[in-house]
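Engineer: Before I ask anything, let me first share the structure, which is written out below as structure tokens.
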Amino acid sequence: MGSLPHIVEDCMGVLQVFSDGTINRCSLMDIDFNIPVVDDHSVAFKDVTFDKRHNLSLRLYKPKSANRNSKLPVVFYFHGGGFCVGSCVWPNCHNCCLRLSAGLHALVVSPDYRLAPEHKLPAPIDDAVSAVEWLQREALMSKSGDCDAWMGGTADFDRVFIVGDSSGGNIAHHLAVRLEAGSAKVAPVRVRGYVLLAPFFGGVERTRSEEGPCEALLSLDILDRFWRLSMPAGETRDHPLVNPFGPNSPNLEKVALDPILVIVGGNEILKDRVESYWRKLEELGKKIEYVEFEGQQHGFLTADPYSEVSNEALQFIKRFMIENSN
């Protein structure tokens with residue numbers, strides 16, 4: 001008589017993989033977030049389906065103070081979660097997007113994407129491309145008045161920025177590479193820059209910060225688990241979608257990239273890998289800026305978007321957007 005299935009991978013109880021291949025994923029109502037929604041009602045939001053084939057939705061945010069006579073920049077926000085967990089409707093992501101919309105005075109587009117292990121890489125990145133292509137369709141339809149009501153007359157499709165947190169930061173990098181400088185592939189949408197919040201990169205060779213102390217909510221064991229579940233079968237952490245400077249990764253020297261802002265906490269496990277990413281792109285002559293917040297851990301902006309340090313990070317993002325809007 002065979003043994004009963006047992007848990008072989010456990011992502012904080014939110015996602016469990018069993019020995020027989022069964023996957024248990026908690027619903028939104030089953031997760032105890034212990035995170036209150038902070039909503040001062042200055043920003044309206046609604047959900048829109050952008051990919052019917054994969055049943056993917058995004059959440060749109062619009063400042064209620066928006067003037068019909070002035071257009072707002074569009075800011076994509078791709079959530080984190082190691083490619084395995086997370087959603088645009090989770091309260092931490094929702095709070096962050098409310099803050100971004102109000103603080104940046106922008107239309108914020110927060111898409112979901114397919115998650116591993118059911119959908120391994122490159123599925124999340126393909127879905128991110130699909131979300132940008134949704135915006136492209138909205139831009140084209142705006143000329144005839146057939147686009148979403150929040151987009152028509154309000155969205156400045158010539159001022160689009162892509163923000164990604166953790167695995168979302170990894171997605172933002174690969175979007176920058178796929179779209180290249182000028183983002184002609186999605187015209188008339190014009191991506192002006194990318195903001196990577198502690199992007200989730202990996203590699204076979206460990207960094208000092210990865211081998212250092214664990215964070216309160218993040219450890220090397222958790223990072224490795226996310227990679228095991230999300231990488232294509234049989235691959236290592238030097239896969240090009242994991243390690244942008246791995247032995248088989250594309251040479252970025254001749255790839256024209258739009259400006260990039262990288263933000264990381266000084267106490268993050270990923271800090272050294274993120275810093276190395278910045279240095280290598282800078283050595284290749286790319287326009288990239290690195291900002292490190294001393295003492296901060298992974299996801300500080302998403303965890304508490306109204307904190308003093310998050311307000312400071314928001315000012316860096318705002319300045320980056322202003323400097324790269326023309």
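Each chain in the structure tokens gets a letter, A, B and so on, in the order shown; residues start at 1 in every chain, and ligands are counted from 1 in the order they appear.
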For range 160-172 of chain A, list every protein, DNA or RNA residue within 8 Å, evaluated using only C-alpha atoms, and leave out those in the same chain fewer than 6 positions away; present the list as a PyMOL selection string.
Structural biologist: chain A and resi 73-83+124-125+128+189-201+242+299+302+321
Engineer: For the residues in that selection, give me N, CA, C and O atoms as a short mmCIF file (atom, residue, chain, number, x, y, z; two decimals), in the first residue's frame.
Structural biologist:
```cif
data_model
loop_
_atom_site.label_atom_id
_atom_site.label_comp_id
_atom_site.auth_asym_id
_atom_site.auth_seq_id
_atom_site.Cartn_x
_atom_site.Cartn_y
_atom_site.Cartn_z
N PRO A 73 0.70 60.59 -16.76
CA PRO A 73 1.59 59.50 -17.17
C PRO A 73 0.98 58.16 -16.76
O PRO A 73 0.17 58.09 -15.83
N VAL A 74 1.39 57.12 -17.45
CA VAL A 74 0.92 55.76 -17.14
C VAL A 74 2.07 55.00 -16.48
O VAL A 74 3.18 54.96 -17.01
N VAL A 75 1.79 54.40 -15.33
CA VAL A 75 2.80 53.65 -14.59
C VAL A 75 2.34 52.21 -14.42
O VAL A 75 1.32 51.95 -13.78
N PHE A 76 3.05 51.28 -15.04
CA PHE A 76 2.79 49.86 -14.79
C PHE A 76 3.44 49.48 -13.46
O PHE A 76 4.54 49.92 -13.14
N TYR A 77 2.75 48.64 -12.70
CA TYR A 77 3.34 48.09 -11.48
C TYR A 77 3.18 46.57 -11.52
O TYR A 77 2.06 46.05 -11.50
N PHE A 78 4.31 45.86 -11.60
CA PHE A 78 4.30 44.40 -11.59
C PHE A 78 4.69 43.91 -10.19
O PHE A 78 5.78 44.22 -9.71
N HIS A 79 3.79 43.17 -9.57
CA HIS A 79 3.99 42.74 -8.19
C HIS A 79 5.08 41.68 -8.06
O HIS A 79 5.49 41.05 -9.05
N GLY A 80 5.53 41.47 -6.83
CA GLY A 80 6.50 40.44 -6.53
C GLY A 80 5.86 39.16 -6.05
O GLY A 80 4.64 39.00 -6.10
N GLY A 81 6.70 38.25 -5.56
CA GLY A 81 6.21 36.97 -5.07
C GLY A 81 6.97 35.78 -5.62
O GLY A 81 6.46 34.66 -5.61
N GLY A 82 8.20 36.03 -6.09
CA GLY A 82 9.03 34.93 -6.55
C GLY A 82 8.48 34.16 -7.73
O GLY A 82 8.83 33.00 -7.94
N PHE A 83 7.61 34.80 -8.51
CA PHE A 83 6.93 34.18 -9.66
C PHE A 83 5.95 33.08 -9.23
O PHE A 83 5.35 32.43 -10.08
N PRO A 124 5.33 34.33 -17.05
CA PRO A 124 5.07 35.65 -16.45
C PRO A 124 5.55 36.81 -17.32
O PRO A 124 4.90 37.86 -17.38
N ILE A 125 6.69 36.62 -17.97
CA ILE A 125 7.22 37.69 -18.82
C ILE A 125 6.37 37.84 -20.08
O ILE A 125 6.09 38.96 -20.53
N ALA A 128 3.41 39.82 -19.12
CA ALA A 128 3.73 41.25 -18.98
C ALA A 128 3.75 41.93 -20.33
O ALA A 128 3.24 43.05 -20.49
N VAL A 189 2.48 53.63 -27.87
CA VAL A 189 2.95 53.65 -26.48
C VAL A 189 4.45 53.90 -26.47
O VAL A 189 5.20 53.29 -27.23
N ARG A 190 4.88 54.82 -25.62
CA ARG A 190 6.31 55.13 -25.49
C ARG A 190 6.74 54.94 -24.05
O ARG A 190 6.36 55.70 -23.17
N VAL A 191 7.49 53.86 -23.82
CA VAL A 191 8.03 53.62 -22.49
C VAL A 191 9.26 54.50 -22.30
O VAL A 191 10.20 54.45 -23.09
N ARG A 192 9.22 55.32 -21.26
CA ARG A 192 10.30 56.29 -21.02
C ARG A 192 11.36 55.79 -20.05
O ARG A 192 12.48 56.32 -20.02
N GLY A 193 11.00 54.81 -19.22
CA GLY A 193 11.97 54.33 -18.26
C GLY A 193 11.42 53.19 -17.42
O GLY A 193 10.22 52.90 -17.42
N TYR A 194 12.35 52.55 -16.69
CA TYR A 194 12.02 51.37 -15.89
C TYR A 194 12.54 51.57 -14.47
O TYR A 194 13.66 52.04 -14.27
N VAL A 195 11.71 51.20 -13.49
CA VAL A 195 12.10 51.27 -12.08
C VAL A 195 12.08 49.86 -11.53
O VAL A 195 11.03 49.22 -11.48
N LEU A 196 13.24 49.38 -11.11
CA LEU A 196 13.39 48.02 -10.59
C LEU A 196 13.58 48.09 -9.08
O LEU A 196 14.60 48.59 -8.59
N LEU A 197 12.58 47.61 -8.34
CA LEU A 197 12.64 47.59 -6.88
C LEU A 197 13.18 46.23 -6.43
O LEU A 197 12.47 45.23 -6.48
N ALA A 198 14.44 46.19 -6.02
CA ALA A 198 15.09 44.95 -5.59
C ALA A 198 14.75 43.80 -6.52
O ALA A 198 14.13 42.82 -6.11
N PRO A 199 15.14 43.89 -7.78
CA PRO A 199 14.76 42.85 -8.75
C PRO A 199 15.26 41.47 -8.33
O PRO A 199 16.38 41.31 -7.85
N PHE A 200 14.41 40.48 -8.53
CA PHE A 200 14.67 39.09 -8.15
C PHE A 200 15.48 38.42 -9.25
O PHE A 200 14.94 37.88 -10.20
N PHE A 201 16.81 38.48 -9.10
CA PHE A 201 17.72 37.78 -9.98
C PHE A 201 18.41 36.68 -9.18
O PHE A 201 18.40 36.69 -7.95
N VAL A 242 16.84 34.08 -15.26
CA VAL A 242 17.16 34.16 -13.84
C VAL A 242 18.37 35.06 -13.61
O VAL A 242 18.35 35.96 -12.77
N GLY A 299 11.26 44.48 -0.06
CA GLY A 299 9.86 44.86 -0.18
C GLY A 299 9.41 45.99 0.72
O GLY A 299 8.23 46.12 1.00
N THR A 302 6.56 48.20 -0.76
CA THR A 302 5.27 47.53 -0.85
C THR A 302 4.70 47.23 0.53
O THR A 302 3.49 47.32 0.75
N MET A 321 11.01 60.07 -13.21
CA MET A 321 9.97 60.22 -14.23
C MET A 321 10.02 61.60 -14.88
O MET A 321 9.90 61.73 -16.11
#
```
Engineer: Which residues are close to Phe226 in chain A, i.e. within 12 Å by only C-alpha atoms, leaving aside same-chain residues fewer than 5 positions away? Reply as JSON, numbers by chain.
Structural biologist: {"A": [9, 10, 11, 12, 15, 16, 17, 80, 81, 82, 83, 84, 85, 115, 116, 117, 120, 121, 166, 167, 200, 201, 202, 218, 219, 220, 221, 231, 232, 237, 242]}
Engineer: Enumerate the residues of range 93-226 of chain A with a DSSP assignment of alpha helix (DSSP H), computed from the backbone, and present them as a ChimeraX atom specification.
Structural biologist: /A:93-104,123-142,167-179,220-226
Engineer: Could you give me, as a list in words, the residues within 8 Å of range 99-104 of chain A, counting only C-alpha atoms and dropping anything in the same chain fewer than 6 positions from it?
Structural biologist: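 So, after excluding close chain neighbours, the residues are Ser42, Val43, Tyr61, Lys62, Pro63, Pro305, Tyr306, Leu314 and Lys318 of chain A.
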Engineer: Once you have the residues from the selection above, write them out as a tab-separated table (two decimals), in the first residue's frame, restricted to N, CA, C and O atoms.
Structural biologist:
```
chain	number	residue	atom	x	y	z
A	42	SER	N	-8.83	59.08	-2.28
A	42	SER	CA	-8.38	60.09	-3.26
A	42	SER	C	-8.11	59.46	-4.62
A	42	SER	O	-7.90	60.16	-5.61
A	43	VAL	N	-8.12	58.12	-4.66
A	43	VAL	CA	-7.83	57.39	-5.90
A	43	VAL	C	-8.95	56.38	-6.17
A	43	VAL	O	-9.34	55.62	-5.28
A	61	TYR	N	-5.78	52.30	-11.57
A	61	TYR	CA	-5.89	53.31	-10.52
A	61	TYR	C	-5.83	54.70	-11.16
A	61	TYR	O	-4.98	54.95	-12.02
A	62	LYS	N	-6.72	55.57	-10.70
A	62	LYS	CA	-6.78	56.91	-11.28
A	62	LYS	C	-7.05	57.93	-10.17
A	62	LYS	O	-8.03	57.80	-9.43
A	63	PRO	N	-6.19	58.96	-10.04
A	63	PRO	CA	-6.45	60.00	-9.03
A	63	PRO	C	-7.78	60.69	-9.31
A	63	PRO	O	-8.07	61.07	-10.44
A	305	PRO	N	3.94	51.46	2.17
A	305	PRO	CA	4.15	52.53	1.19
A	305	PRO	C	3.99	53.94	1.74
A	305	PRO	O	4.31	54.91	1.05
A	306	TYR	N	3.53	54.06	3.00
A	306	TYR	CA	3.33	55.39	3.58
A	306	TYR	C	4.40	55.74	4.62
A	306	TYR	O	4.30	56.77	5.28
A	314	LEU	N	9.71	57.25	-3.10
A	314	LEU	CA	8.74	57.78	-4.06
A	314	LEU	C	9.25	59.06	-4.71
A	314	LEU	O	9.02	59.30	-5.91
A	318	LYS	N	9.67	59.80	-8.64
A	318	LYS	CA	9.05	60.98	-9.25
A	318	LYS	C	10.10	61.80	-10.03
A	318	LYS	O	9.85	62.23	-11.16
```
Engineer: May I ask which of the residues A:Asp51, A:Glu180, A:Asp224, A:Asp158 is the closest one to Asp126 in chain A, counting only C-alpha atoms?
Structural biologist: A:Asp51
Engineer: Please indicate the distance in Å from CA of Ser57 in chain A to CA of Ile23 in chain A, rounded to one decimal place.
Structural biologist: 22.1 Å
Engineer: For range 137-183 of chain A against range 245-263 of chain A, with a cut-off of 7 Å and counting only C-alpha atoms, what is the closest atom pair and its distance in Å to one decimal for every residue that makes the cut, ordered by chain and number, as a Markdown table?
Structural biologist:
```
| residue | atom | partner | partner_atom | distance |
| --- | --- | --- | --- | --- |
| A:Ala176 | CA | A:Leu257 | CA | 6.2 |
| A:Val177 | CA | A:Leu257 | CA | 6.6 |
| A:Glu180 | CA | A:Leu257 | CA | 5.1 |
| A:Ala181 | CA | A:Leu257 | CA | 4.5 |
| A:Gly182 | CA | A:Asp258 | CA | 7.0 |
```
Engineer: Find the residues around Asn55 in chain A up to 10 Å (only C-alpha atoms counted), leave out those fewer than 6 positions away in its own chain, and share them as a list in words.
Structural biologist: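 Here the answer would be Thr49, Asp112, Tyr113 and Arg114 of chain A.
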Engineer: Just write the chosen residues, N, CA and C atoms, as a compact mmCIF listing (two decimals), in the first residue's frame.
Structural biologist:
```txt
# COMPACT_ATOMS: atom_id res chain seq x y z
N THR A 49 -10.20 43.00 -17.54
CA THR A 49 -9.57 41.82 -18.14
C THR A 49 -8.73 42.26 -19.33
N ASP A 112 -1.99 41.21 -13.22
CA ASP A 112 -1.62 39.90 -12.74
C ASP A 112 -0.88 39.16 -13.85
N TYR A 113 -0.21 38.08 -13.48
CA TYR A 113 0.45 37.23 -14.48
C TYR A 113 0.38 35.80 -13.98
N ARG A 114 0.52 34.85 -14.88
CA ARG A 114 0.45 33.44 -14.51
C ARG A 114 1.61 33.08 -13.56
```
Engineer: Rank A:Ser3, A:Leu217, A:Arg159, A:Pro188 by their smallest atom-to-atom distance to Ser142 in chain A, using only C-alpha atoms, and report the top residue only.
Structural biologist: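 Under the stated criterion, the closest residue is A:Pro188.
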Engineer: Give me the residues within 12 Å of Ala149 in chain A as a list in words, counting only C-alpha atoms and dropping any in the same chain fewer than 6 places off.
Structural biologist: Lys46, Val48, Leu60, Lys62, Arg68, Glu138, Ala139, Met141, Ser142 and Ala155 of chain A
Engineer: For the residues selected in the previous step, produce a file with all heavy atoms as a PDB file, in the first residue's frame.
Structural biologist:
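After the write, part-v9.pdb holds the following:
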```
ATOM      1  N   LYS A  46     -10.463  50.150 -10.490  1.00  0.00           N
ATOM      2  CA  LYS A  46     -11.372  49.165 -11.053  1.00  0.00           C
ATOM      3  C   LYS A  46     -10.563  48.061 -11.704  1.00  0.00           C
ATOM      4  O   LYS A  46      -9.376  48.236 -12.026  1.00  0.00           O
ATOM      5  CB  LYS A  46     -12.316  49.806 -12.074  1.00  0.00           C
ATOM      6  CG  LYS A  46     -11.623  50.325 -13.345  1.00  0.00           C
ATOM      7  CD  LYS A  46     -12.661  50.883 -14.324  1.00  0.00           C
ATOM      8  CE  LYS A  46     -11.999  51.384 -15.617  1.00  0.00           C
ATOM      9  NZ  LYS A  46     -12.991  51.906 -16.583  1.00  0.00           N
ATOM     10  N   VAL A  48      -9.985  45.227 -14.815  1.00  0.00           N
ATOM     11  CA  VAL A  48     -10.215  45.066 -16.251  1.00  0.00           C
ATOM     12  C   VAL A  48      -9.529  43.782 -16.714  1.00  0.00           C
ATOM     13  O   VAL A  48      -8.394  43.510 -16.323  1.00  0.00           O
ATOM     14  CB  VAL A  48      -9.650  46.267 -17.038  1.00  0.00           C
ATOM     15  CG1 VAL A  48      -9.814  46.058 -18.540  1.00  0.00           C
ATOM     16  CG2 VAL A  48     -10.314  47.568 -16.602  1.00  0.00           C
ATOM     17  N   LEU A  60      -6.747  49.010 -12.478  1.00  0.00           N
ATOM     18  CA  LEU A  60      -6.447  50.381 -12.885  1.00  0.00           C
ATOM     19  C   LEU A  60      -6.679  51.341 -11.722  1.00  0.00           C
ATOM     20  O   LEU A  60      -7.674  51.196 -10.985  1.00  0.00           O
ATOM     21  CB  LEU A  60      -7.345  50.810 -14.038  1.00  0.00           C
ATOM     22  CG  LEU A  60      -7.051  50.290 -15.444  1.00  0.00           C
ATOM     23  CD1 LEU A  60      -8.124  50.794 -16.406  1.00  0.00           C
ATOM     24  CD2 LEU A  60      -5.685  50.739 -15.908  1.00  0.00           C
ATOM     25  N   LYS A  62      -6.723  55.570 -10.703  1.00  0.00           N
ATOM     26  CA  LYS A  62      -6.781  56.913 -11.278  1.00  0.00           C
ATOM     27  C   LYS A  62      -7.053  57.930 -10.174  1.00  0.00           C
ATOM     28  O   LYS A  62      -8.029  57.804  -9.435  1.00  0.00           O
ATOM     29  CB  LYS A  62      -7.898  56.986 -12.327  1.00  0.00           C
ATOM     30  CG  LYS A  62      -8.090  58.351 -12.958  1.00  0.00           C
ATOM     31  CD  LYS A  62      -9.248  58.318 -13.946  1.00  0.00           C
ATOM     32  CE  LYS A  62      -9.520  59.673 -14.555  1.00  0.00           C
ATOM     33  NZ  LYS A  62     -10.675  59.647 -15.487  1.00  0.00           N
ATOM     34  N   ARG A  68      -9.452  66.764 -16.553  1.00  0.00           N
ATOM     35  CA  ARG A  68      -9.712  66.256 -17.901  1.00  0.00           C
ATOM     36  C   ARG A  68      -8.891  66.974 -18.966  1.00  0.00           C
ATOM     37  O   ARG A  68      -8.687  66.456 -20.061  1.00  0.00           O
ATOM     38  CB  ARG A  68     -11.198  66.381 -18.234  1.00  0.00           C
ATOM     39  CG  ARG A  68     -12.094  65.435 -17.442  1.00  0.00           C
ATOM     40  CD  ARG A  68     -13.528  65.514 -17.933  1.00  0.00           C
ATOM     41  NE  ARG A  68     -14.387  64.570 -17.223  1.00  0.00           N
ATOM     42  CZ  ARG A  68     -15.674  64.396 -17.487  1.00  0.00           C
ATOM     43  NH1 ARG A  68     -16.254  65.120 -18.443  1.00  0.00           N
ATOM     44  NH2 ARG A  68     -16.386  63.533 -16.801  1.00  0.00           N
ATOM     45  N   GLU A 138      -5.311  50.029 -26.379  1.00  0.00           N
ATOM     46  CA  GLU A 138      -6.070  51.163 -25.832  1.00  0.00           C
ATOM     47  C   GLU A 138      -5.630  52.463 -26.485  1.00  0.00           C
ATOM     48  O   GLU A 138      -6.464  53.325 -26.802  1.00  0.00           O
ATOM     49  CB  GLU A 138      -5.873  51.235 -24.311  1.00  0.00           C
ATOM     50  CG  GLU A 138      -6.520  50.110 -23.538  1.00  0.00           C
ATOM     51  CD  GLU A 138      -8.028  50.125 -23.623  1.00  0.00           C
ATOM     52  OE1 GLU A 138      -8.630  51.200 -23.467  1.00  0.00           O
ATOM     53  OE2 GLU A 138      -8.625  49.052 -23.854  1.00  0.00           O
ATOM     54  N   ALA A 139      -4.331  52.614 -26.683  1.00  0.00           N
ATOM     55  CA  ALA A 139      -3.815  53.830 -27.310  1.00  0.00           C
ATOM     56  C   ALA A 139      -4.319  53.971 -28.741  1.00  0.00           C
ATOM     57  O   ALA A 139      -4.709  55.066 -29.178  1.00  0.00           O
ATOM     58  CB  ALA A 139      -2.289  53.821 -27.283  1.00  0.00           C
ATOM     59  N   MET A 141      -7.058  52.586 -29.986  1.00  0.00           N
ATOM     60  CA  MET A 141      -8.514  52.796 -29.973  1.00  0.00           C
ATOM     61  C   MET A 141      -8.899  54.177 -29.468  1.00  0.00           C
ATOM     62  O   MET A 141      -9.998  54.660 -29.749  1.00  0.00           O
ATOM     63  CB  MET A 141      -9.185  51.721 -29.115  1.00  0.00           C
ATOM     64  CG  MET A 141      -9.162  50.336 -29.743  1.00  0.00           C
ATOM     65  SD  MET A 141     -10.204  49.146 -28.856  1.00  0.00           S
ATOM     66  CE  MET A 141      -9.363  49.059 -27.268  1.00  0.00           C
ATOM     67  N   SER A 142      -7.996  54.829 -28.736  1.00  0.00           N
ATOM     68  CA  SER A 142      -8.321  56.157 -28.204  1.00  0.00           C
ATOM     69  C   SER A 142      -8.538  57.180 -29.314  1.00  0.00           C
ATOM     70  O   SER A 142      -9.247  58.169 -29.130  1.00  0.00           O
ATOM     71  CB  SER A 142      -7.205  56.634 -27.268  1.00  0.00           C
ATOM     72  OG  SER A 142      -6.007  56.907 -27.985  1.00  0.00           O
ATOM     73  N   ALA A 155      -4.998  59.332 -20.312  1.00  0.00           N
ATOM     74  CA  ALA A 155      -3.693  58.670 -20.356  1.00  0.00           C
ATOM     75  C   ALA A 155      -2.766  59.329 -21.368  1.00  0.00           C
ATOM     76  O   ALA A 155      -3.149  59.580 -22.510  1.00  0.00           O
ATOM     77  CB  ALA A 155      -3.869  57.198 -20.711  1.00  0.00           C
TER      78      ALA A 155
END
```
Engineer: Run DSSP on the backbone of this structure and report the residues of range 125-257 of chain A it assigns to strand (DSSP E or B), as a count of residues only.
Structural biologist: 18
Engineer: So that I can see what lies close to Ala66 in chain A, please list as an MDAnalysis selection string the residues with an atom at most 9 Å from it, counting only C-alpha atoms and leaving out residues fewer than 6 positions away in the same chain.
Structural biologist: chainID A and resid 72 105:106 154
Engineer: At what distance in Å, to one decimal, does CA of His54 in chain A lie from CA of Pro122 in chain A?
Structural biologist: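 So the two atoms, CA of Pro122 in chain A and CA of His54 in chain A, lie 14.3 Å apart.
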Engineer: CA of Lys271 in chain A and CA of Ser209 in chain A, how far apart in Å?
Structural biologist: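 Going from CA of Ser209 in chain A over to CA of Lys271 in chain A, I get 6.4 Å.
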